[in-house]
Amino acid sequence: MHTELAAAAEELGILFAHNPVPMWVFDPGTLRILAVNQAAERQYGYSADEFLSLTLADIRPPEEMERVYAAVHDPRDGGVLVRGEFRHRRRDGSLLDVEITTQEVPFGGATARVAMAVDVTGRRRAVQRLEALHAVTARLATALTPGEVAQAVVSEGVAALGARSGAVALLDAARGELHIVQAVGYPPEAMERFRSMPLATDFPLTEAVRLAEPIFLADAAARAERYPALADLRRANGGGAMAAVPLLVGGAPIGCIGLNFPEGFVLGDEERAFVLSLAGQCAQAMHRAGLYEEERHSRMVAERLQALTEGFSGAATEAQVGAVAMRQGVAALGAYAGVLALRTEDGDELELLSSIGYPEEACMSVGRRWRMDASIPIAEATRTGEPVFLESPRAWAAHFGGGYTPPAGSASQAWAAVPVALEDGGRGALLWTYDRPRRFDPRERALMLSISRLCAQGLDRARLFEAERRARAEAERLAVALDGAREAAEMESRRLATVLDAIPIGVWMADATGRVTDVNRAAPDIWGEAPMSAGVQEYAAYRARWPETGQPVQPEEWALARAVSRGEVVVGERVEIERLDGSRGFILNSGAPIRDADGTIVGGVVAALDVTERMRAEAERDRALAQAEAVRDRLRLVFEQAPVAIVLLRGPEHVVESANARYVRLLGPVRQAAQLLGLPVRRALPELAGQGFFELLDRVYATGEPFVGTEVPARLDRDGDGVAEEALYNFVYQPLFAADGAVEGICAIGVDVTDLVQGRRAAEEANLAKSQFLATMSHELRTPLNAIGGYAQLLEMGIFGPVTEPQRAQLSRIQRSQEHLLGLINSVLNFARIEAGRVQYTLEEVPVAPALAEVVEFVLPQAGERGVAVEAVRCEAGLRVRADAEKLRQVMLNLLSNAVKFTPEGGSISVWADARPDGLAAVRVRDTGVGIAPDRIGDIFDPFVQVGRRLNSRDEGVGLGLAISRDLARGMGGDLTVESAPGHGATFTFTLPLADG
């Protein structure tokens, strides 16, 4: 029995080791592989020793381990278990699909499991391909366009076969080219290179189409050997196998499928069969899509042509035809922009009639022109009468070479230009522009030609409409013109009669014999009446003489007689006439013959203009001109002999036009008038540069406003020694205006005031010295006078002994004399301070009413003593001024004191104050005193002046009060004025600035 078991175990070991199905024994607890057969070594790429160092996790992808653990620890009883399909990993990392069957077996004294791994990768791939083929079939069943068919084939087929890249191309039999419709997996440079492939090129896809047979290549080496031109595309196509299978319909190729596989991919029989099946289904779907596309395109073309026909039929002008062509054509052709241009009449240029869709920077507006020999599609189509199709910028560059090339990044990427031929020989072209490269198939080209023919018909109709409209308009215009001419002739006749009657010129018309046939209304005004003579001899009734000779005018000498008898034309012949009422006058006669179409004289006409008043006016003008000339001569004498310097400057450069002798002398003996005339002042007097005079002249000329300068220093080189001497001038720059109001020049008038200014300044200095002397003297006199007053008071108080009444009376007289003299000295001192400029003002807001009341209160005793009434002060409520309060009271006290002094007993004084519109407050003091003589009013404000003062006057003062008061008023921004008449008193007005607010 033991022997039999050993023999069975040996037999099982041989079956395990040599079984063609990969098998291994593993520990279900640790998953470690305990034994493996040769088939497993071959399938997984590990040696037996390597296998025995592995666990099940080492030959499984990580994501499969959860399923492995679940299968190994299945709680069901032992036995044969088919655990399903799993994904395993070979030693080289590649994956395969296997179906696992396990069986518990004893091994090495323990329970183990034996596993058999049947490779089902091929079966699964076949199922996937079948599913992919079904998916492709389902998508192809709904694909309606070649693009949709190609998209379905590429997306599903490449994924199902595990290809690296793939493409579907369709055959353009008319052009002998293959065009890629859809592709995936290729780099952009490869797509750009092979987007269109001529059939004559030696490439896999083109050869498969030419042979109508599939081409299968095992790897990159096989491709390079058969197609050397593709050796540089290994990176794009990969290093594996490739397939190029034609799309056959009825045995004829319509395109091709191309597939490239990764390196190491084996293109077996199953894969080839799948590709062939995929190509067959793609060909049938392409055929169906083509039929559908053809039917749809035909319907679309018919609809769009119908719309174009309707649009063109309603277009009455070329512009309307162009608008229809652009609007409908762009929509029908899928273009983004379009142009219609027609050749100009001279045939040298194309002129844009209509455009649509172009951006503003393209300058595609109506009226733009191109030369006929320009290297552009629309010009070439017009020149040759053949369409031009450019499917990309590269095609443009290849077609035209040099010349204009669309800029990089331009929205224009494809162009189609179709000629337009008109029945009258006119030519032009339609240009359609696309925003991406485009292949123009035969159907699209046919549609463009149809649109061109319809457009030409529309333009022909528009031109016929325009010609008919013009002819009709011309006929209407001629009819209107004829009626108008007839009416105009009648109106002209009436207008001529009206004009002849309206003009202040006498007109006579005569026939060929000289018989006067008609005259206008003005003719009798010249002669008193207008006799209708029967012939030339009767012209003697018109009495006249020639002014130059005094001889009478003979009948045959009249202008009308010479016109009808000799055909003479007379213009402005002056005649002195004697009117029928006996008055005399002058006329200007102009006559001319009237001729018929053959030139025969059939009459004459004469116009007589009464110039009597004009002759008188001319005589008056001559007299006025003579007077003006005399005035001009007198003005010239005034100009030359004027006691001031005068120069006339013309234009913006201030050119010296004229200068009087005083001006030349002012400049010094080294300059002559002839040297200055005609020179710009900057050249005539260069030493004045930088002193501001030239700039002043420019400003006066520019603004037209005069300038007055007073005591302005100027440096002139008067003696010619090269050194400018300074002098002072008073001058005026007066602009001179033209008739239109524009400044045309400047009259400069000047006086040298150097000596006057120096004299005045010396006088001012002397006056200042006088004031300083007076101030000093007054100060020195006040000291002893104050002492005299003090000692007199001490004596009167009895300090030095008793004082008798007679002595007290004398002391009182001494004090009054001291006070009087001290007051005089104070007045002189105050005046001296003012003149010396040492008076300080403290300006503030001062209420007027209280200040006046205070001063009036102060003089009331003095007024009462003299028997003078002082009326109540009238002051505007709230009136405030800006002034020095102390000096305001000083001025008012002086005015009131003067009013009391010079108002006789029984008189009155009134004071009132109010605000004026000019921003000043006016305080007025009026008295009923003796008044001031008109010739002395100007003197009362002078120092040391007292009007009407007598030696025996009892009124104190030295005549400084008013002078001081006016100076103080002006120092505070106001003034002091007076109004008076003898016997009517005086009114003094003291003004001050109103306070702000």
# chains A, B, ... in the order shown; residues from 1 in each chain; ligands from 1
call {"tool": "select_by_dssp", "arguments": {"residues": "stretch 853-978 of chain A", "states": "alpha helix (DSSP H)", "output": "PyMOL selection string"}}
result
chain A and resi 853-866+885-901+961-971
call {"tool": "residues_around", "arguments": {"residues": "A:Ser354", "least_positions_apart": "6", "cutoff": "7 Å", "atoms": "only C-alpha atoms", "output": "JSON, numbers by chain"}}
result
{"A": [319, 322, 323, 339, 340, 366]}
call {"tool": "closest_residue", "arguments": {"among": "A:Phe990, A:Tyr292, A:Tyr227, A:Phe265", "to": "A:Thr145", "atoms": "only C-alpha atoms"}}
result
A:Tyr292
call {"tool": "closest_residue", "arguments": {"among": "A:Pro359, A:Gly240, A:Pro735, A:Gly84", "to": "A:Asp219", "atoms": "only C-alpha atoms"}}
result
A:Gly240
